[in-house]
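One file, upload20.cif, carrying mmCIF, N, CA and C atoms:
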data_data
loop_
_atom_site.label_atom_id
_atom_site.label_comp_id
_atom_site.auth_asym_id
_atom_site.auth_seq_id
_atom_site.Cartn_x
_atom_site.Cartn_y
_atom_site.Cartn_z
N MET A 75 77.23 1.21 -53.13
CA MET A 75 76.30 0.34 -52.47
C MET A 75 74.93 1.01 -52.48
N ARG A 76 73.93 0.25 -52.80
CA ARG A 76 72.57 0.77 -52.82
C ARG A 76 71.85 0.39 -51.54
N SER A 77 70.99 1.29 -51.10
CA SER A 77 70.15 1.01 -49.93
C SER A 77 68.70 0.94 -50.39
N ILE A 78 68.00 0.04 -49.79
CA ILE A 78 66.58 -0.09 -50.11
C ILE A 78 65.80 0.18 -48.83
N LEU A 79 64.82 1.04 -48.95
CA LEU A 79 63.97 1.37 -47.82
C LEU A 79 62.63 0.68 -48.02
N LEU A 80 62.25 -0.12 -47.05
CA LEU A 80 60.95 -0.78 -47.10
C LEU A 80 60.02 -0.10 -46.12
N LEU A 81 58.88 0.27 -46.60
CA LEU A 81 57.88 0.89 -45.74
C LEU A 81 56.82 -0.15 -45.40
N GLY A 82 56.59 -0.32 -44.12
CA GLY A 82 55.57 -1.27 -43.68
C GLY A 82 54.31 -0.52 -43.29
N LEU A 83 53.20 -0.97 -43.79
CA LEU A 83 51.92 -0.37 -43.45
C LEU A 83 51.15 -1.33 -42.56
N SER A 84 50.56 -0.79 -41.52
CA SER A 84 49.75 -1.59 -40.61
C SER A 84 48.28 -1.42 -40.97
N VAL A 85 47.71 -2.46 -41.53
CA VAL A 85 46.32 -2.41 -41.92
C VAL A 85 45.64 -3.67 -41.42
N ALA A 86 44.52 -3.51 -40.78
CA ALA A 86 43.75 -4.66 -40.32
C ALA A 86 42.50 -4.78 -41.17
N CYS A 87 42.26 -5.95 -41.65
CA CYS A 87 41.04 -6.22 -42.40
C CYS A 87 40.11 -6.97 -41.46
N SER A 88 39.14 -6.28 -40.92
CA SER A 88 38.22 -6.94 -40.00
C SER A 88 37.34 -7.91 -40.77
N SER A 89 36.86 -8.90 -40.04
CA SER A 89 36.00 -9.91 -40.62
C SER A 89 34.75 -10.03 -39.76
N VAL A 90 33.59 -9.91 -40.38
CA VAL A 90 32.32 -10.04 -39.67
C VAL A 90 31.44 -10.99 -40.48
N SER A 91 30.89 -11.99 -39.78
CA SER A 91 30.02 -12.94 -40.47
C SER A 91 28.80 -13.23 -39.60
N GLY A 92 27.79 -13.78 -40.22
CA GLY A 92 26.56 -14.10 -39.53
C GLY A 92 25.39 -13.38 -40.15
N GLU A 93 24.25 -13.42 -39.48
CA GLU A 93 23.06 -12.78 -40.00
C GLU A 93 22.35 -12.01 -38.89
N LEU A 94 22.02 -10.77 -39.19
CA LEU A 94 21.27 -9.92 -38.27
C LEU A 94 20.00 -9.44 -38.96
N ARG A 95 18.95 -9.32 -38.16
CA ARG A 95 17.70 -8.72 -38.64
C ARG A 95 17.34 -7.59 -37.68
N ILE A 96 17.03 -6.44 -38.27
CA ILE A 96 16.58 -5.28 -37.49
C ILE A 96 15.16 -4.98 -37.91
N ASP A 97 14.25 -5.04 -36.95
CA ASP A 97 12.82 -4.87 -37.21
C ASP A 97 12.36 -5.78 -38.35
N GLY A 98 12.87 -7.00 -38.37
CA GLY A 98 12.47 -8.00 -39.35
C GLY A 98 13.21 -7.95 -40.68
N GLN A 99 13.97 -6.90 -40.93
CA GLN A 99 14.69 -6.73 -42.20
C GLN A 99 16.13 -7.20 -42.07
N LEU A 100 16.62 -7.92 -43.06
CA LEU A 100 18.02 -8.35 -43.08
C LEU A 100 18.93 -7.13 -43.04
N ALA A 101 19.95 -7.17 -42.17
CA ALA A 101 20.88 -6.06 -42.00
C ALA A 101 22.29 -6.54 -42.30
N PRO A 102 22.75 -6.42 -43.56
CA PRO A 102 24.09 -6.90 -43.92
C PRO A 102 25.20 -6.19 -43.14
N LEU A 103 26.16 -6.97 -42.69
CA LEU A 103 27.30 -6.46 -41.92
C LEU A 103 28.43 -6.09 -42.85
N ARG A 104 29.15 -5.01 -42.52
CA ARG A 104 30.26 -4.57 -43.35
C ARG A 104 31.61 -4.77 -42.68
N ARG A 105 31.77 -4.30 -41.43
CA ARG A 105 33.06 -4.39 -40.75
C ARG A 105 32.86 -4.17 -39.26
N CYS A 106 33.93 -4.31 -38.50
CA CYS A 106 33.89 -4.02 -37.07
C CYS A 106 35.11 -3.18 -36.71
N THR A 107 34.96 -2.39 -35.64
CA THR A 107 36.06 -1.58 -35.13
C THR A 107 36.06 -1.63 -33.61
N THR A 108 37.23 -1.41 -33.01
CA THR A 108 37.34 -1.37 -31.56
C THR A 108 36.91 -0.01 -31.04
N LEU A 109 36.36 0.00 -29.83
CA LEU A 109 35.95 1.26 -29.20
C LEU A 109 37.07 1.88 -28.38
N GLU A 110 38.18 1.18 -28.24
CA GLU A 110 39.29 1.67 -27.42
C GLU A 110 39.75 3.06 -27.85
N VAL A 111 39.74 3.33 -29.14
CA VAL A 111 40.25 4.60 -29.65
C VAL A 111 39.33 5.78 -29.35
N VAL A 112 38.08 5.50 -28.91
CA VAL A 112 37.17 6.58 -28.53
C VAL A 112 36.86 6.55 -27.03
N GLY A 113 37.67 5.81 -26.28
CA GLY A 113 37.57 5.83 -24.83
C GLY A 113 36.60 4.86 -24.19
N PHE A 114 36.13 3.86 -24.94
CA PHE A 114 35.23 2.86 -24.40
C PHE A 114 35.85 1.47 -24.55
N ALA A 115 35.28 0.49 -23.86
CA ALA A 115 35.69 -0.90 -24.03
C ALA A 115 34.59 -1.61 -24.80
N GLY A 116 34.94 -2.15 -25.97
CA GLY A 116 33.95 -2.86 -26.76
C GLY A 116 34.21 -2.79 -28.24
N VAL A 117 33.16 -3.08 -29.01
CA VAL A 117 33.26 -3.21 -30.47
C VAL A 117 32.06 -2.52 -31.12
N ASP A 118 32.31 -1.85 -32.24
CA ASP A 118 31.24 -1.35 -33.10
C ASP A 118 31.09 -2.29 -34.29
N LEU A 119 29.87 -2.72 -34.56
CA LEU A 119 29.55 -3.50 -35.75
C LEU A 119 28.90 -2.54 -36.75
N HIS A 120 29.56 -2.33 -37.88
CA HIS A 120 29.08 -1.39 -38.89
C HIS A 120 28.26 -2.16 -39.93
N LEU A 121 27.07 -1.66 -40.20
CA LEU A 121 26.18 -2.27 -41.18
C LEU A 121 26.37 -1.59 -42.53
N GLU A 122 25.97 -2.26 -43.58
CA GLU A 122 26.15 -1.71 -44.93
C GLU A 122 25.40 -0.40 -45.15
N ASN A 123 24.30 -0.19 -44.44
CA ASN A 123 23.52 1.05 -44.62
C ASN A 123 24.01 2.19 -43.74
N GLY A 124 25.14 2.00 -43.03
CA GLY A 124 25.72 3.06 -42.22
C GLY A 124 25.34 3.00 -40.75
N ARG A 125 24.33 2.23 -40.41
CA ARG A 125 23.95 2.08 -39.00
C ARG A 125 25.08 1.36 -38.24
N VAL A 126 25.10 1.55 -36.92
CA VAL A 126 26.14 0.95 -36.09
C VAL A 126 25.51 0.31 -34.86
N ILE A 127 25.90 -0.93 -34.57
CA ILE A 127 25.52 -1.60 -33.34
C ILE A 127 26.76 -1.60 -32.44
N ARG A 128 26.62 -1.07 -31.24
CA ARG A 128 27.75 -0.94 -30.31
C ARG A 128 27.62 -1.99 -29.20
N LEU A 129 28.68 -2.78 -29.04
CA LEU A 129 28.73 -3.79 -27.99
C LEU A 129 29.69 -3.31 -26.91
N PHE A 130 29.17 -3.04 -25.72
CA PHE A 130 30.00 -2.60 -24.61
C PHE A 130 30.56 -3.82 -23.89
N ARG A 131 31.82 -3.75 -23.52
CA ARG A 131 32.55 -4.88 -22.96
C ARG A 131 32.72 -4.74 -21.45
N GLU A 132 32.51 -5.85 -20.75
CA GLU A 132 32.82 -5.97 -19.33
C GLU A 132 33.64 -7.24 -19.18
N GLY A 133 34.94 -7.10 -18.98
CA GLY A 133 35.81 -8.28 -18.97
C GLY A 133 35.86 -8.87 -20.37
N ASP A 134 35.53 -10.15 -20.49
CA ASP A 134 35.50 -10.82 -21.80
C ASP A 134 34.08 -11.06 -22.30
N ARG A 135 33.11 -10.38 -21.72
CA ARG A 135 31.72 -10.61 -22.13
C ARG A 135 31.05 -9.30 -22.57
N ILE A 136 29.94 -9.45 -23.27
CA ILE A 136 29.15 -8.30 -23.70
C ILE A 136 28.27 -7.86 -22.53
N ASP A 137 28.33 -6.57 -22.21
CA ASP A 137 27.58 -6.03 -21.08
C ASP A 137 26.29 -5.34 -21.53
N ASP A 138 26.37 -4.43 -22.47
CA ASP A 138 25.22 -3.67 -22.96
C ASP A 138 25.33 -3.51 -24.47
N VAL A 139 24.21 -3.14 -25.08
CA VAL A 139 24.15 -2.93 -26.53
C VAL A 139 23.62 -1.53 -26.80
N GLY A 140 24.27 -0.83 -27.71
CA GLY A 140 23.79 0.46 -28.18
C GLY A 140 23.52 0.40 -29.67
N PHE A 141 22.71 1.31 -30.17
CA PHE A 141 22.35 1.30 -31.59
C PHE A 141 22.33 2.73 -32.10
N PHE A 142 23.06 2.97 -33.19
CA PHE A 142 23.09 4.27 -33.85
C PHE A 142 22.34 4.13 -35.16
N ASP A 143 21.09 4.60 -35.18
CA ASP A 143 20.26 4.52 -36.38
C ASP A 143 20.77 5.46 -37.44
N ASP A 144 21.25 6.63 -37.02
CA ASP A 144 21.79 7.64 -37.93
C ASP A 144 23.27 7.83 -37.59
N PRO A 145 24.19 7.41 -38.47
CA PRO A 145 25.61 7.50 -38.17
C PRO A 145 26.12 8.93 -37.96
N ALA A 146 25.35 9.92 -38.36
CA ALA A 146 25.77 11.32 -38.16
C ALA A 146 25.51 11.77 -36.72
N GLU A 147 24.71 11.03 -35.97
CA GLU A 147 24.39 11.38 -34.59
C GLU A 147 25.51 10.93 -33.66
N ASP A 148 25.77 11.75 -32.63
CA ASP A 148 26.78 11.41 -31.63
C ASP A 148 26.22 10.51 -30.53
N VAL A 149 24.90 10.51 -30.38
CA VAL A 149 24.27 9.74 -29.31
C VAL A 149 23.32 8.73 -29.93
N GLY A 150 23.45 7.48 -29.50
CA GLY A 150 22.58 6.43 -29.98
C GLY A 150 21.61 6.00 -28.91
N ALA A 151 20.84 4.95 -29.21
CA ALA A 151 19.89 4.39 -28.25
C ALA A 151 20.56 3.28 -27.46
N LEU A 152 20.41 3.30 -26.15
CA LEU A 152 20.92 2.21 -25.32
C LEU A 152 19.83 1.15 -25.24
N LEU A 153 20.14 -0.05 -25.75
CA LEU A 153 19.17 -1.13 -25.79
C LEU A 153 19.24 -2.04 -24.59
N GLY A 154 20.29 -1.90 -23.78
CA GLY A 154 20.43 -2.72 -22.58
C GLY A 154 21.16 -4.02 -22.84
N PRO A 155 21.10 -4.94 -21.88
CA PRO A 155 21.84 -6.21 -21.99
C PRO A 155 21.07 -7.25 -22.80
N CYS A 156 20.91 -7.00 -24.10
CA CYS A 156 20.10 -7.88 -24.95
C CYS A 156 20.93 -8.73 -25.91
N ALA A 157 22.21 -8.87 -25.63
CA ALA A 157 23.08 -9.75 -26.42
C ALA A 157 23.97 -10.53 -25.47
N THR A 158 24.23 -11.76 -25.83
CA THR A 158 25.17 -12.57 -25.08
C THR A 158 26.33 -12.91 -25.99
N GLY A 159 27.47 -13.20 -25.41
CA GLY A 159 28.63 -13.56 -26.21
C GLY A 159 29.90 -13.06 -25.58
N SER A 160 30.94 -13.00 -26.39
CA SER A 160 32.26 -12.64 -25.88
C SER A 160 32.90 -11.55 -26.72
N ILE A 161 33.79 -10.83 -26.07
CA ILE A 161 34.69 -9.88 -26.73
C ILE A 161 36.06 -10.16 -26.13
N GLU A 162 37.00 -10.61 -26.95
CA GLU A 162 38.31 -11.02 -26.47
C GLU A 162 39.42 -10.26 -27.18
N ASP A 163 40.53 -10.09 -26.48
CA ASP A 163 41.72 -9.52 -27.11
C ASP A 163 42.28 -10.49 -28.13
N GLY A 164 42.62 -9.99 -29.31
CA GLY A 164 43.29 -10.80 -30.30
C GLY A 164 44.77 -10.88 -30.01
N ALA A 165 45.49 -11.56 -30.87
CA ALA A 165 46.92 -11.78 -30.67
C ALA A 165 47.79 -10.62 -31.16
N SER A 166 47.20 -9.67 -31.89
CA SER A 166 48.03 -8.61 -32.45
C SER A 166 47.41 -7.24 -32.18
N ALA A 167 48.19 -6.21 -32.54
CA ALA A 167 47.76 -4.83 -32.32
C ALA A 167 48.22 -3.98 -33.50
N ILE A 168 47.54 -2.86 -33.69
CA ILE A 168 47.93 -1.86 -34.69
C ILE A 168 48.10 -0.54 -33.95
N GLN A 169 49.27 0.07 -34.08
CA GLN A 169 49.58 1.33 -33.42
C GLN A 169 49.21 1.27 -31.93
N ASP A 170 49.60 0.20 -31.28
CA ASP A 170 49.35 -0.04 -29.85
C ASP A 170 47.88 -0.21 -29.49
N VAL A 171 47.02 -0.46 -30.45
CA VAL A 171 45.60 -0.72 -30.20
C VAL A 171 45.36 -2.21 -30.46
N ARG A 172 44.95 -2.92 -29.42
CA ARG A 172 44.72 -4.36 -29.51
C ARG A 172 43.53 -4.67 -30.41
N LEU A 173 43.69 -5.62 -31.34
CA LEU A 173 42.59 -6.08 -32.19
C LEU A 173 41.69 -6.99 -31.37
N LEU A 174 40.38 -6.94 -31.60
CA LEU A 174 39.43 -7.71 -30.82
C LEU A 174 38.71 -8.75 -31.69
N ARG A 175 38.19 -9.78 -31.02
CA ARG A 175 37.43 -10.83 -31.70
C ARG A 175 36.35 -11.33 -30.75
N GLY A 176 35.35 -12.01 -31.30
CA GLY A 176 34.31 -12.58 -30.46
C GLY A 176 33.08 -12.97 -31.24
N GLU A 177 31.99 -13.20 -30.49
CA GLU A 177 30.72 -13.52 -31.11
C GLU A 177 29.60 -12.95 -30.26
N ALA A 178 28.44 -12.76 -30.90
CA ALA A 178 27.29 -12.20 -30.19
C ALA A 178 26.01 -12.83 -30.72
N SER A 179 25.11 -13.10 -29.80
CA SER A 179 23.74 -13.54 -30.13
C SER A 179 22.80 -12.47 -29.61
N PHE A 180 22.00 -11.91 -30.52
CA PHE A 180 21.12 -10.78 -30.20
C PHE A 180 19.67 -11.23 -30.03
N SER A 181 19.02 -10.64 -29.04
CA SER A 181 17.58 -10.78 -28.84
C SER A 181 17.10 -9.49 -28.18
N CYS A 182 17.12 -8.40 -28.97
CA CYS A 182 16.79 -7.07 -28.46
C CYS A 182 15.36 -6.71 -28.86
N GLU A 183 14.61 -6.13 -27.92
CA GLU A 183 13.24 -5.74 -28.21
C GLU A 183 12.92 -4.32 -27.78
N ALA A 184 13.92 -3.58 -27.27
CA ALA A 184 13.69 -2.20 -26.83
C ALA A 184 14.08 -1.25 -27.96
N VAL A 185 13.24 -0.31 -28.28
CA VAL A 185 13.44 0.70 -29.32
C VAL A 185 13.50 0.05 -30.71
N PHE A 186 14.47 -0.83 -30.94
CA PHE A 186 14.59 -1.57 -32.19
C PHE A 186 14.62 -3.05 -31.86
N GLU A 187 14.01 -3.87 -32.71
CA GLU A 187 14.09 -5.31 -32.54
C GLU A 187 15.28 -5.82 -33.35
N ILE A 188 16.27 -6.38 -32.65
CA ILE A 188 17.47 -6.90 -33.30
C ILE A 188 17.63 -8.36 -32.91
N GLU A 189 17.72 -9.23 -33.91
CA GLU A 189 17.89 -10.65 -33.68
C GLU A 189 18.95 -11.20 -34.62
N GLY A 190 19.68 -12.20 -34.14
CA GLY A 190 20.65 -12.87 -34.99
C GLY A 190 21.92 -13.22 -34.25
N ASP A 191 22.83 -13.84 -34.99
CA ASP A 191 24.12 -14.28 -34.45
C ASP A 191 25.25 -13.76 -35.34
N VAL A 192 26.30 -13.27 -34.70
CA VAL A 192 27.42 -12.66 -35.43
C VAL A 192 28.74 -13.14 -34.84
N ARG A 193 29.72 -13.34 -35.71
CA ARG A 193 31.11 -13.60 -35.31
C ARG A 193 31.96 -12.50 -35.92
N TYR A 194 32.96 -12.05 -35.16
CA TYR A 194 33.82 -10.97 -35.66
C TYR A 194 35.26 -11.21 -35.19
N GLN A 195 36.20 -10.70 -35.99
CA GLN A 195 37.61 -10.81 -35.64
C GLN A 195 38.40 -9.69 -36.30
N SER A 196 39.58 -9.44 -35.76
CA SER A 196 40.48 -8.38 -36.25
C SER A 196 39.82 -7.01 -36.24
N CYS A 197 39.03 -6.73 -35.20
CA CYS A 197 38.38 -5.43 -35.07
C CYS A 197 39.40 -4.44 -34.52
N GLY A 198 39.87 -3.57 -35.40
CA GLY A 198 40.92 -2.63 -35.05
C GLY A 198 40.41 -1.21 -35.00
N PRO A 199 41.32 -0.25 -35.07
CA PRO A 199 40.95 1.15 -34.92
C PRO A 199 40.12 1.74 -36.05
N GLY A 200 40.04 1.11 -37.17
CA GLY A 200 39.23 1.63 -38.27
C GLY A 200 40.02 2.49 -39.23
N PRO A 201 39.44 2.77 -40.38
CA PRO A 201 40.13 3.56 -41.42
C PRO A 201 40.47 4.96 -40.94
N GLY A 202 41.62 5.42 -41.31
CA GLY A 202 42.02 6.78 -41.02
C GLY A 202 42.53 7.04 -39.61
N TYR A 203 42.60 6.00 -38.77
CA TYR A 203 43.06 6.22 -37.39
C TYR A 203 44.54 6.60 -37.36
N ARG A 204 44.83 7.60 -36.59
CA ARG A 204 46.22 8.03 -36.34
C ARG A 204 46.41 8.09 -34.84
N ARG A 205 47.39 7.41 -34.34
CA ARG A 205 47.66 7.42 -32.91
C ARG A 205 48.02 8.84 -32.47
N PRO A 206 47.37 9.32 -31.38
CA PRO A 206 47.65 10.69 -30.93
C PRO A 206 49.06 10.83 -30.38
#
Turn the structure described in the file into structure tokens.
Amino acid sequence: MRSILLLGLSVACSSVSGELRIDGQLAPLRRCTTLEVVGFAGVDLHLENGRVIRLFREGDRIDDVGFFDDPAEDVGALLGPCATGSIEDGASAIQDVRLLRGEASFSCEAVFEIEGDVRYQSCGPGPGYRRP
């Protein structure tokens, strides 16, 4: 009798759509990740140029916005409550980390001017995550 071993891989493909402008320049979106794995509640929106917009979560709504101009930096700029929208738990999880979804409308004018509307879903732990 032969046995077959099937290996299942848990991979989330996040989806981000919409249009953002930073200081008047189009800022293409690449992916989103949950902040749960780094000890925060919210979502990171990763831009194609490596910059990151951080949405802090309070319940099911966006509370504050942070911006990492240089992805190598550990500390970004806190832009304050300049986005409205939602951050909700999705229906599934990867390695016990709940996937998130929602939308955001930006009107930020502190430090960086960020404007636009974004929808995101399946925001998981990100590439290379290993549950501790």
### Message
Please enumerate the residues selected by the PyMOL selection byres ((chain A and resi 190) around 8) when evaluated against the supplied file, formatted as a list of chain:residue names.
### Response
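Selected by the PyMOL selection byres ((chain A and resi 190) around 8) here: A:Gly92, A:Glu93, A:Leu94, A:Arg95, A:Ile96, A:Ala178, A:Ser179, A:Phe180, A:Ser181, A:Cys182, A:Glu187, A:Ile188, A:Glu189, A:Asp191, A:Val192, A:Arg193.
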### Query
Contacts of region 165-174 of chain A at 6.5 Å or less, counting all atoms listed in the file, minus same-chain residues fewer than 3 places along, as a VMD selection string?
chain A and resid 84 108 161 to 162 194 to 199 205
### Query
In Å, with one decimal, what is the gap from CA of Val111 (chain A) to CA of Gly164 (chain A)?
15.7 Å
#### Entry: DSSP-assigned strand (DSSP E) among chain A, expressed as a ChimeraX atom specification
/A:89-96,99-100,103-108,116-121,126-132,135-142,151-154,157-168,171-182,188-197
### Query
Near Phe142 (chain A), within 7 Å and counting all atoms listed in the file, which residues show up once chain neighbours fewer than 4 positions away are dropped, as a list in words?
Gly124, Arg125, Val126, Ile127, Arg128, Val149, Gly150 and Ala151 of chain A
N, CA and C atoms of the current selection, written as a CSV table (one decimal), in the coordinates of the input:
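Writing done, so here's out_26.csv:
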chain,number,residue,atom,x,y,z
A,124,GLY,N,25.1,2.0,-43.0
A,124,GLY,CA,25.7,3.1,-42.2
A,124,GLY,C,25.3,3.0,-40.8
A,125,ARG,N,24.3,2.2,-40.4
A,125,ARG,CA,24.0,2.1,-39.0
A,125,ARG,C,25.1,1.4,-38.2
A,126,VAL,N,25.1,1.6,-36.9
A,126,VAL,CA,26.1,1.0,-36.1
A,126,VAL,C,25.5,0.3,-34.9
A,127,ILE,N,25.9,-0.9,-34.6
A,127,ILE,CA,25.5,-1.6,-33.3
A,127,ILE,C,26.8,-1.6,-32.4
A,128,ARG,N,26.6,-1.1,-31.2
A,128,ARG,CA,27.8,-0.9,-30.3
A,128,ARG,C,27.6,-2.0,-29.2
A,149,VAL,N,24.9,10.5,-30.4
A,149,VAL,CA,24.3,9.7,-29.3
A,149,VAL,C,23.3,8.7,-29.9
A,150,GLY,N,23.4,7.5,-29.5
A,150,GLY,CA,22.6,6.4,-30.0
A,150,GLY,C,21.6,6.0,-28.9
A,151,ALA,N,20.8,5.0,-29.2
A,151,ALA,CA,19.9,4.4,-28.2
A,151,ALA,C,20.6,3.3,-27.5
### Message
Please compute the CA of Gly159 (chain A)-CA of Pro201 (chain A) distance, one decimal, in Å.
### Response
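Going from CA of Gly159 (chain A) over to CA of Pro201 (chain A) covers 25.6 Å.
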### Query
Could you spell out the hits of the PyMOL selection byres ((chain A and resi 105) around 7) on the shown file, as a ChimeraX atom specification?
/A:88-90,103-104,106-107,118-122
### Task
Tell me which residues the PyMOL selection byres ((chain A and resi 129) around 6) grabs here, as an NGL selection string.
:A and (115-119 or 127-128 or 130-131 or 136-140)
### Message
Just the number, please: distance in Å from CA of Asp134 (chain A) to atom C of Ser160 (chain A), one decimal.
### Response
5.6 Å
### Query
Given the choices A:Gln99, A:Cys87, A:Glu177, A:Val112, which gets closest to Asp148 (chain A) if the distance is worked out from only C-alpha atoms?
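Between A:Gln99, A:Cys87, A:Glu177, A:Val112, the residue approaching Asp148 (chain A) most closely is A:Val112.
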